[in-house]
Amino acid sequence: MKIEKLIADELQCMFLEEKLIDINERYINLITKQLRTGEIKLMELTRDDFDLKEKVLEALLRILNKNFKRHIYDSLS
């Protein structure tokens, strides 16, 4: 699965969890759609907007943590 889609999904989750209160819903919907369809790449998205770059990094860390926890759980089963 492409990292852009994973980031888009995680950003949507973060928005629904109200962790992106400083970012407009229309903007989140637009950038997540563009990430999913390949209209924009992560490097382009985070080039100029420091706040968005910070949120994308947070989304990436959440993805990595979920995968790490799943890997640990699977190895203990």
# chains A, B, ... in the order shown; residues from 1 in each chain; ligands from 1
>>> select_by_dssp(residues="stretch 4-76 of chain A", states="helix (DSSP H, G or I)", output="PDB file with N, CA and C atoms, in the first residue's frame")
ATOM      1  N   GLU A   4       1.318   7.383   0.715  1.00  0.00           N
ATOM      2  CA  GLU A   4       0.401   8.521   0.598  1.00  0.00           C
ATOM      3  C   GLU A   4      -1.007   8.151   1.031  1.00  0.00           C
ATOM      4  N   LYS A   5      -1.458   6.959   0.661  1.00  0.00           N
ATOM      5  CA  LYS A   5      -2.804   6.533   1.059  1.00  0.00           C
ATOM      6  C   LYS A   5      -2.869   6.312   2.565  1.00  0.00           C
ATOM      7  N   LEU A   6      -1.834   5.702   3.123  1.00  0.00           N
ATOM      8  CA  LEU A   6      -1.799   5.487   4.569  1.00  0.00           C
ATOM      9  C   LEU A   6      -1.819   6.821   5.326  1.00  0.00           C
ATOM     10  N   ILE A   7      -1.048   7.785   4.846  1.00  0.00           N
ATOM     11  CA  ILE A   7      -1.024   9.111   5.482  1.00  0.00           C
ATOM     12  C   ILE A   7      -2.396   9.769   5.353  1.00  0.00           C
ATOM     13  N   ALA A   8      -3.003   9.686   4.173  1.00  0.00           N
ATOM     14  CA  ALA A   8      -4.325  10.273   3.959  1.00  0.00           C
ATOM     15  C   ALA A   8      -5.339   9.672   4.927  1.00  0.00           C
ATOM     16  N   ASP A   9      -5.338   8.360   5.052  1.00  0.00           N
ATOM     17  CA  ASP A   9      -6.261   7.688   5.970  1.00  0.00           C
ATOM     18  C   ASP A   9      -6.025   8.131   7.409  1.00  0.00           C
ATOM     19  N   GLU A  10      -4.766   8.218   7.787  1.00  0.00           N
ATOM     20  CA  GLU A  10      -4.446   8.591   9.168  1.00  0.00           C
ATOM     21  C   GLU A  10      -4.798  10.049   9.443  1.00  0.00           C
ATOM     22  N   LEU A  11      -4.589  10.929   8.474  1.00  0.00           N
ATOM     23  CA  LEU A  11      -4.988  12.329   8.640  1.00  0.00           C
ATOM     24  C   LEU A  11      -6.498  12.444   8.819  1.00  0.00           C
ATOM     25  N   GLN A  12      -7.253  11.647   8.074  1.00  0.00           N
ATOM     26  CA  GLN A  12      -8.719  11.639   8.239  1.00  0.00           C
ATOM     27  C   GLN A  12      -9.093  11.166   9.638  1.00  0.00           C
ATOM     28  N   CYS A  13      -8.438  10.129  10.119  1.00  0.00           N
ATOM     29  CA  CYS A  13      -8.697   9.636  11.482  1.00  0.00           C
ATOM     30  C   CYS A  13      -8.375  10.713  12.512  1.00  0.00           C
ATOM     31  N   MET A  14      -7.252  11.365  12.329  1.00  0.00           N
ATOM     32  CA  MET A  14      -6.851  12.415  13.261  1.00  0.00           C
ATOM     33  C   MET A  14      -7.860  13.560  13.246  1.00  0.00           C
ATOM     34  N   PHE A  15      -8.379  13.881  12.066  1.00  0.00           N
ATOM     35  CA  PHE A  15      -9.381  14.941  11.987  1.00  0.00           C
ATOM     36  C   PHE A  15     -10.644  14.532  12.754  1.00  0.00           C
ATOM     37  N   LEU A  16     -11.088  13.305  12.556  1.00  0.00           N
ATOM     38  CA  LEU A  16     -12.287  12.814  13.253  1.00  0.00           C
ATOM     39  C   LEU A  16     -12.085  12.737  14.763  1.00  0.00           C
ATOM     40  N   GLU A  25     -11.760  21.559   7.598  1.00  0.00           N
ATOM     41  CA  GLU A  25     -12.231  20.261   7.098  1.00  0.00           C
ATOM     42  C   GLU A  25     -12.121  20.168   5.580  1.00  0.00           C
ATOM     43  N   ARG A  26     -12.469  21.226   4.877  1.00  0.00           N
ATOM     44  CA  ARG A  26     -12.371  21.196   3.406  1.00  0.00           C
ATOM     45  C   ARG A  26     -10.929  20.983   2.955  1.00  0.00           C
ATOM     46  N   TYR A  27     -10.004  21.614   3.656  1.00  0.00           N
ATOM     47  CA  TYR A  27      -8.586  21.477   3.313  1.00  0.00           C
ATOM     48  C   TYR A  27      -8.122  20.041   3.543  1.00  0.00           C
ATOM     49  N   ILE A  28      -8.507  19.463   4.672  1.00  0.00           N
ATOM     50  CA  ILE A  28      -8.148  18.063   4.955  1.00  0.00           C
ATOM     51  C   ILE A  28      -8.733  17.143   3.893  1.00  0.00           C
ATOM     52  N   ASN A  29     -10.001  17.353   3.555  1.00  0.00           N
ATOM     53  CA  ASN A  29     -10.628  16.521   2.526  1.00  0.00           C
ATOM     54  C   ASN A  29      -9.914  16.664   1.187  1.00  0.00           C
ATOM     55  N   LEU A  30      -9.515  17.885   0.847  1.00  0.00           N
ATOM     56  CA  LEU A  30      -8.829  18.125  -0.422  1.00  0.00           C
ATOM     57  C   LEU A  30      -7.463  17.442  -0.444  1.00  0.00           C
ATOM     58  N   ILE A  31      -6.668  17.650   0.589  1.00  0.00           N
ATOM     59  CA  ILE A  31      -5.314  17.074   0.556  1.00  0.00           C
ATOM     60  C   ILE A  31      -5.341  15.557   0.669  1.00  0.00           C
ATOM     61  N   THR A  32      -6.278  15.003   1.438  1.00  0.00           N
ATOM     62  CA  THR A  32      -6.336  13.541   1.527  1.00  0.00           C
ATOM     63  C   THR A  32      -6.793  12.940   0.200  1.00  0.00           C
ATOM     64  N   LYS A  33      -7.708  13.613  -0.485  1.00  0.00           N
ATOM     65  CA  LYS A  33      -8.134  13.140  -1.808  1.00  0.00           C
ATOM     66  C   LYS A  33      -6.958  13.196  -2.779  1.00  0.00           C
ATOM     67  N   GLN A  34      -6.215  14.296  -2.752  1.00  0.00           N
ATOM     68  CA  GLN A  34      -5.071  14.441  -3.651  1.00  0.00           C
ATOM     69  C   GLN A  34      -3.981  13.407  -3.352  1.00  0.00           C
ATOM     70  N   LEU A  35      -3.779  13.087  -2.089  1.00  0.00           N
ATOM     71  CA  LEU A  35      -2.812  12.053  -1.737  1.00  0.00           C
ATOM     72  C   LEU A  35      -3.263  10.690  -2.246  1.00  0.00           C
ATOM     73  N   ARG A  36      -4.543  10.384  -2.059  1.00  0.00           N
ATOM     74  CA  ARG A  36      -5.057   9.070  -2.477  1.00  0.00           C
ATOM     75  C   ARG A  36      -5.009   8.884  -3.989  1.00  0.00           C
ATOM     76  N   THR A  37      -5.277   9.960  -4.726  1.00  0.00           N
ATOM     77  CA  THR A  37      -5.329   9.852  -6.192  1.00  0.00           C
ATOM     78  C   THR A  37      -3.981  10.082  -6.856  1.00  0.00           C
ATOM     79  N   LEU A  42       3.876  13.527  -1.015  1.00  0.00           N
ATOM     80  CA  LEU A  42       4.156  14.014   0.341  1.00  0.00           C
ATOM     81  C   LEU A  42       5.135  15.179   0.345  1.00  0.00           C
ATOM     82  N   MET A  43       6.175  15.099  -0.455  1.00  0.00           N
ATOM     83  CA  MET A  43       7.185  16.166  -0.467  1.00  0.00           C
ATOM     84  C   MET A  43       6.582  17.485  -0.940  1.00  0.00           C
ATOM     85  N   GLU A  44       5.704  17.419  -1.938  1.00  0.00           N
ATOM     86  CA  GLU A  44       5.046  18.631  -2.423  1.00  0.00           C
ATOM     87  C   GLU A  44       4.118  19.200  -1.348  1.00  0.00           C
ATOM     88  N   LEU A  45       3.414  18.318  -0.686  1.00  0.00           N
ATOM     89  CA  LEU A  45       2.425  18.721   0.305  1.00  0.00           C
ATOM     90  C   LEU A  45       3.060  19.439   1.491  1.00  0.00           C
ATOM     91  N   THR A  46       4.199  18.962   1.916  1.00  0.00           N
ATOM     92  CA  THR A  46       4.803  19.492   3.140  1.00  0.00           C
ATOM     93  C   THR A  46       5.886  20.539   2.877  1.00  0.00           C
ATOM     94  N   PHE A  50       4.570  24.486   7.388  1.00  0.00           N
ATOM     95  CA  PHE A  50       5.209  23.837   8.538  1.00  0.00           C
ATOM     96  C   PHE A  50       4.189  23.123   9.413  1.00  0.00           C
ATOM     97  N   ASP A  51       3.023  23.732   9.659  1.00  0.00           N
ATOM     98  CA  ASP A  51       2.007  23.099  10.504  1.00  0.00           C
ATOM     99  C   ASP A  51       1.530  21.788   9.888  1.00  0.00           C
ATOM    100  N   LEU A  52       1.317  21.796   8.590  1.00  0.00           N
ATOM    101  CA  LEU A  52       0.889  20.578   7.908  1.00  0.00           C
ATOM    102  C   LEU A  52       1.996  19.537   7.936  1.00  0.00           C
ATOM    103  N   LYS A  53       3.231  19.968   7.760  1.00  0.00           N
ATOM    104  CA  LYS A  53       4.371  19.045   7.821  1.00  0.00           C
ATOM    105  C   LYS A  53       4.406  18.348   9.175  1.00  0.00           C
ATOM    106  N   GLU A  54       4.164  19.105  10.236  1.00  0.00           N
ATOM    107  CA  GLU A  54       4.141  18.549  11.583  1.00  0.00           C
ATOM    108  C   GLU A  54       3.030  17.507  11.731  1.00  0.00           C
ATOM    109  N   LYS A  55       1.857  17.790  11.168  1.00  0.00           N
ATOM    110  CA  LYS A  55       0.731  16.854  11.251  1.00  0.00           C
ATOM    111  C   LYS A  55       0.976  15.602  10.418  1.00  0.00           C
ATOM    112  N   VAL A  56       1.606  15.754   9.276  1.00  0.00           N
ATOM    113  CA  VAL A  56       1.936  14.597   8.439  1.00  0.00           C
ATOM    114  C   VAL A  56       2.940  13.704   9.170  1.00  0.00           C
ATOM    115  N   LEU A  57       3.924  14.309   9.816  1.00  0.00           N
ATOM    116  CA  LEU A  57       4.883  13.525  10.611  1.00  0.00           C
ATOM    117  C   LEU A  57       4.183  12.801  11.758  1.00  0.00           C
ATOM    118  N   GLU A  58       3.254  13.481  12.404  1.00  0.00           N
ATOM    119  CA  GLU A  58       2.490  12.849  13.481  1.00  0.00           C
ATOM    120  C   GLU A  58       1.688  11.667  12.950  1.00  0.00           C
ATOM    121  N   ALA A  59       1.074  11.844  11.787  1.00  0.00           N
ATOM    122  CA  ALA A  59       0.319  10.743  11.172  1.00  0.00           C
ATOM    123  C   ALA A  59       1.240   9.573  10.863  1.00  0.00           C
ATOM    124  N   LEU A  60       2.418   9.850  10.341  1.00  0.00           N
ATOM    125  CA  LEU A  60       3.382   8.798  10.028  1.00  0.00           C
ATOM    126  C   LEU A  60       3.817   8.051  11.284  1.00  0.00           C
ATOM    127  N   LEU A  61       4.069   8.776  12.356  1.00  0.00           N
ATOM    128  CA  LEU A  61       4.438   8.130  13.620  1.00  0.00           C
ATOM    129  C   LEU A  61       3.309   7.246  14.147  1.00  0.00           C
ATOM    130  N   ARG A  62       2.073   7.712  14.004  1.00  0.00           N
ATOM    131  CA  ARG A  62       0.932   6.894  14.434  1.00  0.00           C
ATOM    132  C   ARG A  62       0.849   5.604  13.626  1.00  0.00           C
ATOM    133  N   ILE A  63       1.097   5.688  12.331  1.00  0.00           N
ATOM    134  CA  ILE A  63       1.091   4.499  11.470  1.00  0.00           C
ATOM    135  C   ILE A  63       2.189   3.535  11.896  1.00  0.00           C
ATOM    136  N   LEU A  64       3.376   4.063  12.110  1.00  0.00           N
ATOM    137  CA  LEU A  64       4.502   3.217  12.529  1.00  0.00           C
ATOM    138  C   LEU A  64       4.236   2.561  13.877  1.00  0.00           C
ATOM    139  N   ASN A  65       3.660   3.307  14.815  1.00  0.00           N
ATOM    140  CA  ASN A  65       3.339   2.744  16.130  1.00  0.00           C
ATOM    141  C   ASN A  65       2.313   1.631  16.027  1.00  0.00           C
ATOM    142  N   LYS A  66       1.286   1.835  15.210  1.00  0.00           N
ATOM    143  CA  LYS A  66       0.261   0.797  15.028  1.00  0.00           C
ATOM    144  C   LYS A  66       0.881  -0.467  14.448  1.00  0.00           C
ATOM    145  N   ASN A  67       1.723  -0.294  13.434  1.00  0.00           N
ATOM    146  CA  ASN A  67       2.359  -1.453  12.800  1.00  0.00           C
ATOM    147  C   ASN A  67       3.321  -2.151  13.748  1.00  0.00           C
ATOM    148  N   PHE A  68       4.054  -1.384  14.540  1.00  0.00           N
ATOM    149  CA  PHE A  68       4.974  -1.964  15.502  1.00  0.00           C
ATOM    150  C   PHE A  68       4.217  -2.762  16.556  1.00  0.00           C
ATOM    151  N   LYS A  69       3.142  -2.188  17.087  1.00  0.00           N
ATOM    152  CA  LYS A  69       2.334  -2.893  18.092  1.00  0.00           C
ATOM    153  C   LYS A  69       1.736  -4.158  17.507  1.00  0.00           C
ATOM    154  N   ARG A  70       1.277  -4.093  16.263  1.00  0.00           N
ATOM    155  CA  ARG A  70       0.704  -5.274  15.616  1.00  0.00           C
ATOM    156  C   ARG A  70       1.776  -6.351  15.443  1.00  0.00           C
ATOM    157  N   HIS A  71       2.975  -5.936  15.064  1.00  0.00           N
ATOM    158  CA  HIS A  71       4.082  -6.885  14.890  1.00  0.00           C
ATOM    159  C   HIS A  71       4.442  -7.547  16.215  1.00  0.00           C
ATOM    160  N   ILE A  72       4.522  -6.781  17.290  1.00  0.00           N
ATOM    161  CA  ILE A  72       4.833  -7.337  18.619  1.00  0.00           C
ATOM    162  C   ILE A  72       3.737  -8.301  19.046  1.00  0.00           C
ATOM    163  N   TYR A  73       2.481  -7.901  18.873  1.00  0.00           N
ATOM    164  CA  TYR A  73       1.361  -8.771  19.250  1.00  0.00           C
ATOM    165  C   TYR A  73       1.412 -10.095  18.490  1.00  0.00           C
ATOM    166  N   ASP A  74       1.656  -9.994  17.179  1.00  0.00           N
ATOM    167  CA  ASP A  74       1.715 -11.196  16.343  1.00  0.00           C
ATOM    168  C   ASP A  74       2.877 -12.110  16.767  1.00  0.00           C
ATOM    169  N   SER A  75       3.994 -11.519  17.139  1.00  0.00           N
ATOM    170  CA  SER A  75       5.140 -12.342  17.525  1.00  0.00           C
ATOM    171  C   SER A  75       4.949 -13.006  18.885  1.00  0.00           C
ATOM    172  N   LEU A  76       4.096 -12.440  19.722  1.00  0.00           N
ATOM    173  CA  LEU A  76       3.834 -13.025  21.031  1.00  0.00           C
ATOM    174  C   LEU A  76       2.734 -14.072  20.983  1.00  0.00           C
TER     175      LEU A  76
END
>>> decode(residues="chain A", atoms="C-alpha atoms", output="CSV table (one decimal), in the first residue's frame")
chain,number,residue,atom,x,y,z
A,1,MET,CA,0.0,0.0,0.0
A,2,LYS,CA,1.3,3.4,-0.9
A,3,ILE,CA,2.5,5.6,2.0
A,4,GLU,CA,0.4,8.5,0.6
A,5,LYS,CA,-2.8,6.5,1.1
A,6,LEU,CA,-1.8,5.5,4.6
A,7,ILE,CA,-1.0,9.1,5.5
A,8,ALA,CA,-4.3,10.3,4.0
A,9,ASP,CA,-6.3,7.7,6.0
A,10,GLU,CA,-4.4,8.6,9.2
A,11,LEU,CA,-5.0,12.3,8.6
A,12,GLN,CA,-8.7,11.6,8.2
A,13,CYS,CA,-8.7,9.6,11.5
A,14,MET,CA,-6.9,12.4,13.3
A,15,PHE,CA,-9.4,14.9,12.0
A,16,LEU,CA,-12.3,12.8,13.3
A,17,GLU,CA,-10.5,12.5,16.6
A,18,GLU,CA,-10.3,16.3,16.7
A,19,LYS,CA,-6.5,16.3,16.7
A,20,LEU,CA,-6.4,18.7,13.7
A,21,ILE,CA,-8.6,21.5,15.1
A,22,ASP,CA,-6.4,24.2,13.5
A,23,ILE,CA,-6.9,22.7,10.0
A,24,ASN,CA,-10.1,23.3,8.0
A,25,GLU,CA,-12.2,20.3,7.1
A,26,ARG,CA,-12.4,21.2,3.4
A,27,TYR,CA,-8.6,21.5,3.3
A,28,ILE,CA,-8.1,18.1,5.0
A,29,ASN,CA,-10.6,16.5,2.5
A,30,LEU,CA,-8.8,18.1,-0.4
A,31,ILE,CA,-5.3,17.1,0.6
A,32,THR,CA,-6.3,13.5,1.5
A,33,LYS,CA,-8.1,13.1,-1.8
A,34,GLN,CA,-5.1,14.4,-3.7
A,35,LEU,CA,-2.8,12.1,-1.7
A,36,ARG,CA,-5.1,9.1,-2.5
A,37,THR,CA,-5.3,9.9,-6.2
A,38,GLY,CA,-1.7,10.7,-6.6
A,39,GLU,CA,-2.3,14.3,-7.6
A,40,ILE,CA,0.1,15.4,-4.9
A,41,LYS,CA,3.1,13.7,-3.3
A,42,LEU,CA,4.2,14.0,0.3
A,43,MET,CA,7.2,16.2,-0.5
A,44,GLU,CA,5.0,18.6,-2.4
A,45,LEU,CA,2.4,18.7,0.3
A,46,THR,CA,4.8,19.5,3.1
A,47,ARG,CA,7.2,21.8,1.3
A,48,ASP,CA,5.8,25.2,2.4
A,49,ASP,CA,3.4,24.5,5.3
A,50,PHE,CA,5.2,23.8,8.5
A,51,ASP,CA,2.0,23.1,10.5
A,52,LEU,CA,0.9,20.6,7.9
A,53,LYS,CA,4.4,19.0,7.8
A,54,GLU,CA,4.1,18.5,11.6
A,55,LYS,CA,0.7,16.9,11.3
A,56,VAL,CA,1.9,14.6,8.4
A,57,LEU,CA,4.9,13.5,10.6
A,58,GLU,CA,2.5,12.8,13.5
A,59,ALA,CA,0.3,10.7,11.2
A,60,LEU,CA,3.4,8.8,10.0
A,61,LEU,CA,4.4,8.1,13.6
A,62,ARG,CA,0.9,6.9,14.4
A,63,ILE,CA,1.1,4.5,11.5
A,64,LEU,CA,4.5,3.2,12.5
A,65,ASN,CA,3.3,2.7,16.1
A,66,LYS,CA,0.3,0.8,15.0
A,67,ASN,CA,2.4,-1.5,12.8
A,68,PHE,CA,5.0,-2.0,15.5
A,69,LYS,CA,2.3,-2.9,18.1
A,70,ARG,CA,0.7,-5.3,15.6
A,71,HIS,CA,4.1,-6.9,14.9
A,72,ILE,CA,4.8,-7.3,18.6
A,73,TYR,CA,1.4,-8.8,19.3
A,74,ASP,CA,1.7,-11.2,16.3
A,75,SER,CA,5.1,-12.3,17.5
A,76,LEU,CA,3.8,-13.0,21.0
A,77,SER,CA,0.8,-15.0,19.8
